[in-house]
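Right, one structure below, let's go through it.
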Amino acid sequence: MKTMRRLGMVIMLLMAVVLLGACTGTEPVNEGQPDRKQEPTQTDGARAAEQEQQEPVTLKVATLWPEDMFNERIKKIVEEKYPYMTMELLHVNNFDRSKLEELFSLGETPDIFFTLSQDVMEYLELDFDLTEPLAENGYDLSHIQPTLLDTIRARDKQGRLLGLPYETSYYVLMYNKDIFDQFGEPYPSDDLTWDDAVRLAQRLTKTENGVQYRGLDFRDRDVPLWQFSVNATDPDTGEVLILERPEYRRFLELYKKIIDIPGNYDETFFNANDRFTGDRTTAMLITNAQGLNWWGNAEGLNFDVASLPTWPDQPGITHRLDFHSFHVNPNSKHIEEALRVIYYLTTPEVQEWTARNGIGPITQDTSVQEKFFYDNESTHGKNITAIFKHKPAPVPERISLWDRFVELDVGKFAESGMDASEFLRVVKEEAEIRIKEERSKSE
């Protein structure tokens with residue numbers, strides 16, 4: 001740890017030099033690229049001196065990303081910042097425990113993993129707590145969305161920080177402006193409740209000139225549930241709690257209201273992309289904000305974005321954030337350098353670049369959020385601020401890893417003919433069987 005303390009002193013010295021440069025009128029960093037295309041400054045000279053003292057090091061990153069994505073998002077950015085580092089891709093499916101075991105059997109030791117599940121980390125003994133080394137180096141995490149760090153800690157029984165977030169997904173309501181204009185309805189606001197959205201969907205679901213229009217479709221089914229801060233199971237015992245938690249019944253009853261709108265539902269309801277971007281008969285779609293990338297250049301598609309509708313008793317609360325993260329391998333011979341890399345990739349400096357390129361920023365810095373999709377001209381003029389208007393739902397104190405065995409399939413619910421309580425009882429029984437089988441594997 002002495003080396004890490006010396007590194008912390010170097011970083012504090014560099015911060016002092018940066019502040020001195022700010023006071024003497026140093027030019028700002030070029031927007032859109034981290035540390036690129038700017039004239040040398042005093043800070044650059046100090047950084048160059050530091051780099052010359054570093055021994056060359058190769059860091060291996062295990063990820064499912066293709067090589068071009070890895071090069072663009074990690075290799076180019078890190079190697080420009082730290083010329084003594086060489087970033088190497090180990091292409092592997094981190095979501096498949098057997099694939100990681102196969103990689104290790106070949107003698108490979110990744111230094112960094114891109115996204116690992118909690119159970120895989122624990123099973124393969126890759127759970128490395130970053131709390132102490134981050135503190136020792138003076139790394140400041142205050143720019144990161146707190147709920148993301150809370151989520152990482154809440155997944156762990158000991159509340160450890162086993163990784164740092166890199167990119168997150170945001171869900172929104174997208175709407176076809178032409179359909180709203182056709183039926184004389186005002187565009188959806190950023191303050192809709194789910195009840196408002198249902199009433200609006202009822203007015204927009206109609207047949208005109210032989211064409212069936214639908215008021216509200218879902219591409220991402222569970223988003224309304226993610227606005228609640230509840231577990232489906234007890235994190236310690238695995239007891240299934242969906243009958244005791246009213247949020248699960250409310251979630252299904254919301255879907256029942258939408259499904260029961262005459263003309264709004266059929267077997268393609270949860271595959272709504274074609275209707276929104278193809279025949280363009282869907283007025284509103286609950287989907288990932290990445291639709292701004294996917295459909296931005298769809299010829300003639302006149303659409304915009306509104307904030308995700310909220311539950312009436314939870315105003316201003318959007319969904320819990322789903323995200324990818326970086327993890328340091330405790331078996332790495334280059335832990336200090338790996339830590340430096342994953343921290344750098346979270347900084348506003350890099351996050352501005354990721355945001356501008358349509359990669360979901362993990363920072364709560366509004367000046368970075370405002371640049372989301374900025375380098376994609378087709379998104380200019382869209383209501384980007386709607387994506388960040390509401391606060392992410394808080395996470396439970398402990399996130400239950402048993403929840404993955406509870407399969408609350410709203411598609412099956414729609415076809416079942418059951419009411420919410422009946423369907424939840426069936427789901428509970430099925431989940432209890434799966435959890436019992438999983439427990440038997442470790443006995």
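Chain labels follow the order of the structure tokens: the first chain is A, the next B, and so on; residue numbering restarts at 1 in every chain, and ligands are counted from 1 in their shown order.
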Name the residues of segment 275-419 of chain A that come out as strand (DSSP E) in a backbone DSSP run; write them as a PyMOL selection string. chain A and resi 282-288+303-306+317-318+322-328+391-392
Applying 10 Å and only C-alpha atoms, which residues near Leu148 of chain A remain after dropping the ones on its own chain fewer than 4 positions away? List them as a ChimeraX atom specification. /A:144,152-154,164-166,168,320-325,362-363,392,394-395
Kindly provide the residues of segment 225-262 of chain A that approach segment 433-436 of chain A to within 12 Å, each paired with its closest atom pair and their distance in Å to one decimal, based on only C-alpha atoms, listed by chain and increasing number, as CSV.
```
residue,atom,partner,partner_atom,distance
A:Thr233,CA,A:Ile435,CA,10.1
A:Asp234,CA,A:Ile435,CA,11.6
A:Pro235,CA,A:Ile435,CA,12.0
A:Thr237,CA,A:Ile435,CA,9.9
A:Gly238,CA,A:Ile435,CA,7.0
A:Glu239,CA,A:Ile435,CA,8.8
A:Val240,CA,A:Ile435,CA,9.1
```
Would you export the selected residues with N, CA and C atoms as a PDB file, in the first residue's frame, please?
```
ATOM      1  N   THR A 233     -38.230 -11.529  -2.899  1.00  0.00           N
ATOM      2  CA  THR A 233     -37.888 -12.597  -1.957  1.00  0.00           C
ATOM      3  C   THR A 233     -37.112 -12.017  -0.780  1.00  0.00           C
ATOM      4  N   ASP A 234     -37.069 -12.775   0.308  1.00  0.00           N
ATOM      5  CA  ASP A 234     -36.253 -12.392   1.451  1.00  0.00           C
ATOM      6  C   ASP A 234     -34.786 -12.667   1.105  1.00  0.00           C
ATOM      7  N   PRO A 235     -33.895 -11.669   1.236  1.00  0.00           N
ATOM      8  CA  PRO A 235     -32.507 -11.860   0.812  1.00  0.00           C
ATOM      9  C   PRO A 235     -31.755 -12.916   1.618  1.00  0.00           C
ATOM     10  N   THR A 237     -33.400 -15.715   3.512  1.00  0.00           N
ATOM     11  CA  THR A 237     -34.028 -17.039   3.515  1.00  0.00           C
ATOM     12  C   THR A 237     -34.508 -17.502   2.143  1.00  0.00           C
ATOM     13  N   GLY A 238     -34.718 -16.563   1.214  1.00  0.00           N
ATOM     14  CA  GLY A 238     -35.276 -16.925  -0.078  1.00  0.00           C
ATOM     15  C   GLY A 238     -36.789 -17.060  -0.066  1.00  0.00           C
ATOM     16  N   GLU A 239     -37.435 -16.722   1.049  1.00  0.00           N
ATOM     17  CA  GLU A 239     -38.898 -16.784   1.113  1.00  0.00           C
ATOM     18  C   GLU A 239     -39.501 -15.865   0.046  1.00  0.00           C
ATOM     19  N   VAL A 240     -40.471 -16.375  -0.700  1.00  0.00           N
ATOM     20  CA  VAL A 240     -41.096 -15.604  -1.774  1.00  0.00           C
ATOM     21  C   VAL A 240     -42.165 -14.697  -1.178  1.00  0.00           C
TER      22      VAL A 240
END
```
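Distances to Glu429 of chain A were evaluated for A:Trp65, A:Lys391, A:Ala197, A:Glu407 using only C-alpha atoms, and the minimum falls at A:Glu407.
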Would you work out the distance separating atom CA of Ala355 of chain A from atom CA of Thr318 of chain A, expressed in Å to one decimal? 19.5 Å
Residue with smallest distance to Asp236 of chain A - pool A:Ile259, A:Val368, A:Met121, A:Leu401, counting only C-alpha atoms: A:Leu401
Residue list (alpha helix (DSSP H), DSSP) for segment 158-349 of chain A, as number ranges by chain: A: 177-182, 194-204, 246-259, 273, 291-294, 335-344, 348-349
So that I have them on file, write out the residues from the current selection with N, CA and C atoms, as a compact mmCIF listing (two decimals), in the first residue's frame.
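Final file, again_21.txt:
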```txt
# COMPACT_ATOMS: atom_id res chain seq x y z
N LYS A 177 -45.58 11.82 -32.81
CA LYS A 177 -46.25 13.11 -32.82
C LYS A 177 -47.35 13.18 -33.88
N ASP A 178 -47.16 12.46 -34.99
CA ASP A 178 -48.15 12.50 -36.07
C ASP A 178 -49.48 11.90 -35.63
N ILE A 179 -49.42 10.82 -34.82
CA ILE A 179 -50.67 10.20 -34.34
C ILE A 179 -51.38 11.14 -33.37
N PHE A 180 -50.62 11.78 -32.50
CA PHE A 180 -51.23 12.75 -31.58
C PHE A 180 -51.87 13.89 -32.36
N ASP A 181 -51.19 14.38 -33.39
CA ASP A 181 -51.75 15.45 -34.21
C ASP A 181 -53.01 14.98 -34.95
N GLN A 182 -52.96 13.75 -35.44
CA GLN A 182 -54.08 13.22 -36.19
C GLN A 182 -55.35 13.16 -35.35
N TRP A 194 -49.04 6.91 -14.28
CA TRP A 194 -49.49 5.75 -15.05
C TRP A 194 -50.99 5.83 -15.30
N ASP A 195 -51.75 6.38 -14.36
CA ASP A 195 -53.18 6.55 -14.58
C ASP A 195 -53.44 7.51 -15.75
N ASP A 196 -52.66 8.60 -15.80
CA ASP A 196 -52.77 9.54 -16.93
C ASP A 196 -52.46 8.84 -18.25
N ALA A 197 -51.40 8.03 -18.24
CA ALA A 197 -50.99 7.34 -19.46
C ALA A 197 -52.06 6.38 -19.95
N VAL A 198 -52.72 5.69 -19.01
CA VAL A 198 -53.79 4.76 -19.39
C VAL A 198 -54.96 5.52 -20.01
N ARG A 199 -55.35 6.64 -19.39
CA ARG A 199 -56.46 7.42 -19.94
C ARG A 199 -56.12 7.98 -21.33
N LEU A 200 -54.90 8.41 -21.50
CA LEU A 200 -54.47 8.90 -22.81
C LEU A 200 -54.46 7.77 -23.83
N ALA A 201 -54.00 6.59 -23.40
CA ALA A 201 -54.00 5.43 -24.30
C ALA A 201 -55.41 5.06 -24.74
N GLN A 202 -56.37 5.19 -23.85
CA GLN A 202 -57.76 4.89 -24.20
C GLN A 202 -58.27 5.81 -25.31
N ARG A 203 -57.88 7.07 -25.26
CA ARG A 203 -58.34 8.03 -26.27
C ARG A 203 -57.63 7.84 -27.61
N LEU A 204 -56.43 7.25 -27.57
CA LEU A 204 -55.64 7.10 -28.80
C LEU A 204 -55.79 5.73 -29.43
N PRO A 246 -47.76 -5.44 -1.84
CA PRO A 246 -48.82 -4.95 -2.73
C PRO A 246 -48.30 -4.38 -4.05
N GLU A 247 -47.02 -4.04 -4.10
CA GLU A 247 -46.47 -3.48 -5.33
C GLU A 247 -46.59 -4.44 -6.51
N TYR A 248 -46.49 -5.74 -6.24
CA TYR A 248 -46.56 -6.71 -7.34
C TYR A 248 -47.98 -6.82 -7.88
N ARG A 249 -48.96 -6.74 -7.00
CA ARG A 249 -50.35 -6.74 -7.46
C ARG A 249 -50.65 -5.47 -8.25
N ARG A 250 -50.18 -4.32 -7.77
CA ARG A 250 -50.41 -3.06 -8.47
C ARG A 250 -49.78 -3.09 -9.88
N PHE A 251 -48.60 -3.67 -9.98
CA PHE A 251 -47.91 -3.80 -11.26
C PHE A 251 -48.75 -4.58 -12.26
N LEU A 252 -49.28 -5.73 -11.83
CA LEU A 252 -50.10 -6.54 -12.73
C LEU A 252 -51.43 -5.86 -13.04
N GLU A 253 -52.00 -5.19 -12.08
CA GLU A 253 -53.28 -4.50 -12.32
C GLU A 253 -53.12 -3.34 -13.29
N LEU A 254 -51.95 -2.70 -13.30
CA LEU A 254 -51.69 -1.68 -14.31
C LEU A 254 -51.72 -2.30 -15.70
N TYR A 255 -51.06 -3.43 -15.86
CA TYR A 255 -51.07 -4.10 -17.16
C TYR A 255 -52.48 -4.53 -17.55
N LYS A 256 -53.26 -4.96 -16.57
CA LYS A 256 -54.63 -5.40 -16.87
C LYS A 256 -55.44 -4.24 -17.45
N LYS A 257 -55.26 -3.03 -16.91
CA LYS A 257 -55.97 -1.87 -17.43
C LYS A 257 -55.58 -1.58 -18.88
N ILE A 258 -54.30 -1.72 -19.18
CA ILE A 258 -53.81 -1.43 -20.53
C ILE A 258 -54.25 -2.51 -21.51
N ILE A 259 -54.15 -3.75 -21.07
CA ILE A 259 -54.54 -4.88 -21.92
C ILE A 259 -56.03 -4.85 -22.23
N ASN A 273 -41.82 -2.81 -31.44
CA ASN A 273 -40.92 -1.98 -32.25
C ASN A 273 -41.41 -1.80 -33.67
N GLY A 291 -33.47 4.13 -28.09
CA GLY A 291 -34.28 4.29 -29.29
C GLY A 291 -33.93 5.56 -30.04
N LEU A 292 -33.41 6.56 -29.34
CA LEU A 292 -32.95 7.78 -30.01
C LEU A 292 -31.82 7.48 -30.98
N ASN A 293 -31.02 6.47 -30.66
CA ASN A 293 -29.97 6.00 -31.57
C ASN A 293 -30.55 5.09 -32.64
N TRP A 294 -31.36 4.13 -32.20
CA TRP A 294 -31.86 3.10 -33.10
C TRP A 294 -32.73 3.68 -34.21
N ILE A 335 -2.95 -4.46 -9.69
CA ILE A 335 -4.18 -3.95 -9.08
C ILE A 335 -4.22 -2.42 -9.07
N GLU A 336 -3.11 -1.78 -8.73
CA GLU A 336 -3.10 -0.32 -8.67
C GLU A 336 -3.43 0.29 -10.03
N GLU A 337 -2.83 -0.25 -11.09
CA GLU A 337 -3.08 0.28 -12.43
C GLU A 337 -4.51 -0.01 -12.88
N ALA A 338 -5.02 -1.21 -12.55
CA ALA A 338 -6.39 -1.55 -12.91
C ALA A 338 -7.38 -0.62 -12.21
N LEU A 339 -7.11 -0.34 -10.95
CA LEU A 339 -7.97 0.57 -10.21
C LEU A 339 -7.94 1.96 -10.83
N ARG A 340 -6.77 2.41 -11.24
CA ARG A 340 -6.64 3.73 -11.86
C ARG A 340 -7.46 3.80 -13.14
N VAL A 341 -7.45 2.72 -13.92
CA VAL A 341 -8.19 2.69 -15.19
C VAL A 341 -9.69 2.75 -14.96
N ILE A 342 -10.20 1.89 -14.09
CA ILE A 342 -11.66 1.86 -13.95
C ILE A 342 -12.18 3.14 -13.30
N TYR A 343 -11.35 3.75 -12.45
CA TYR A 343 -11.77 5.04 -11.89
C TYR A 343 -11.79 6.11 -12.98
N TYR A 344 -10.76 6.15 -13.80
CA TYR A 344 -10.70 7.15 -14.86
C TYR A 344 -11.91 7.05 -15.79
N PRO A 348 -16.02 12.55 -14.89
CA PRO A 348 -16.77 13.41 -15.80
C PRO A 348 -16.05 13.64 -17.12
N GLU A 349 -14.73 13.65 -17.08
CA GLU A 349 -13.92 13.83 -18.29
C GLU A 349 -14.26 12.78 -19.34
```
Using only C-alpha atoms, which of the listed residues (A:Asp96, A:Asp217, A:Asp191, A:Glu422) sits closest to Trp311 of chain A?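 Residue with the minimum atom-to-atom distance to Trp311 of chain A: A:Asp191.
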Between atom CA of His319 of chain A and atom CA of Ala62 of chain A, what is the distance in Å, rounded to a tenth? 28.9 Å
Show which residues sit within 10 Å of Arg97 of chain A, as a list in words. Count only C-alpha atoms, and ignore same-chain residues fewer than 4 positions away.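 Selected residues are Asn93, Glu101, Glu102, Leu103, Leu116, Ser117, Asp119, Val120, Met121, Tyr123 and Leu124 of chain A.
Considering the residues A:Tyr213, A:Tyr139, A:Arg221, A:Glu437 and counting only C-alpha atoms, Ile261 of chain A has its shortest atom-to-atom contact with A:Tyr213.
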Would you kindly return, as a list in words, each protein, DNA or RNA residue with an atom no farther than 10 Å from any atom of Gln290 of chain A, considering only C-alpha atoms and excluding same-chain residues fewer than 2 positions away?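 The residues that qualify are Ser169, Tyr170, Tyr171, Val172, Thr287, Asn288, Leu292, Asn293, Trp294, Trp295, Gly296, Gly358, Ile359, Gly360 and Phe373 of chain A.
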Selected residues written out, N, CA and C atoms, as an mmCIF file, in the first residue's frame:
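After the write, selection.cif holds the following:
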```cif
data_model
loop_
_atom_site.group_PDB
_atom_site.id
_atom_site.type_symbol
_atom_site.label_atom_id
_atom_site.label_comp_id
_atom_site.auth_asym_id
_atom_site.auth_seq_id
_atom_site.Cartn_x
_atom_site.Cartn_y
_atom_site.Cartn_z
ATOM 1 N N SER A 169 -28.676 2.233 -18.268
ATOM 2 C CA SER A 169 -29.808 2.315 -19.195
ATOM 3 C C SER A 169 -30.887 3.206 -18.602
ATOM 4 N N TYR A 170 -31.475 4.018 -19.453
ATOM 5 C CA TYR A 170 -32.571 4.901 -19.046
ATOM 6 C C TYR A 170 -33.797 4.548 -19.882
ATOM 7 N N TYR A 171 -34.958 4.497 -19.225
ATOM 8 C CA TYR A 171 -36.201 4.141 -19.911
ATOM 9 C C TYR A 171 -37.128 5.350 -19.953
ATOM 10 N N VAL A 172 -37.829 5.465 -21.053
ATOM 11 C CA VAL A 172 -38.621 6.671 -21.317
ATOM 12 C C VAL A 172 -39.924 6.285 -22.017
ATOM 13 N N THR A 287 -39.877 2.318 -23.648
ATOM 14 C CA THR A 287 -38.693 1.682 -24.220
ATOM 15 C C THR A 287 -37.422 2.318 -23.675
ATOM 16 N N ASN A 288 -36.303 1.760 -24.093
ATOM 17 C CA ASN A 288 -34.991 2.268 -23.709
ATOM 18 C C ASN A 288 -34.723 3.577 -24.451
ATOM 19 N N LEU A 292 -33.405 6.565 -29.341
ATOM 20 C CA LEU A 292 -32.949 7.782 -30.006
ATOM 21 C C LEU A 292 -31.817 7.478 -30.979
ATOM 22 N N ASN A 293 -31.016 6.474 -30.655
ATOM 23 C CA ASN A 293 -29.971 6.002 -31.571
ATOM 24 C C ASN A 293 -30.550 5.091 -32.639
ATOM 25 N N TRP A 294 -31.361 4.130 -32.196
ATOM 26 C CA TRP A 294 -31.863 3.104 -33.097
ATOM 27 C C TRP A 294 -32.733 3.681 -34.208
ATOM 28 N N TRP A 295 -33.575 4.648 -33.847
ATOM 29 C CA TRP A 295 -34.594 5.108 -34.784
ATOM 30 C C TRP A 295 -34.426 6.559 -35.203
ATOM 31 N N GLY A 296 -33.311 7.169 -34.798
ATOM 32 C CA GLY A 296 -33.117 8.583 -35.071
ATOM 33 C C GLY A 296 -33.146 8.933 -36.543
ATOM 34 N N GLY A 358 -23.894 8.703 -26.894
ATOM 35 C CA GLY A 358 -25.099 7.922 -26.664
ATOM 36 C C GLY A 358 -24.943 6.764 -25.713
ATOM 37 N N ILE A 359 -23.885 6.759 -24.914
ATOM 38 C CA ILE A 359 -23.679 5.731 -23.899
ATOM 39 C C ILE A 359 -24.184 6.298 -22.578
ATOM 40 N N GLY A 360 -25.105 5.609 -21.913
ATOM 41 C CA GLY A 360 -25.779 6.138 -20.738
ATOM 42 C C GLY A 360 -24.824 6.571 -19.641
ATOM 43 N N PHE A 373 -26.249 12.045 -26.194
ATOM 44 C CA PHE A 373 -26.512 11.929 -27.636
ATOM 45 C C PHE A 373 -26.087 13.173 -28.424
#
```
Between A:Lys333, A:Arg214, A:Lys76, A:His143, single out the one closest to Lys60 of chain A, counting only C-alpha atoms. A:Lys333
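Among A:Gly159, A:Thr281, A:Gln369, A:Glu108, the residue with the shortest atom-to-atom distance to Gly210 of chain A, counting only C-alpha atoms, is A:Thr281.
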Have a look at atom CA of Ser440 of chain A and atom CA of Gln118 of chain A and let me know their distance in Å, one decimal.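 We find that atom CA of Ser440 of chain A and atom CA of Gln118 of chain A lie 19.5 Å from each other.
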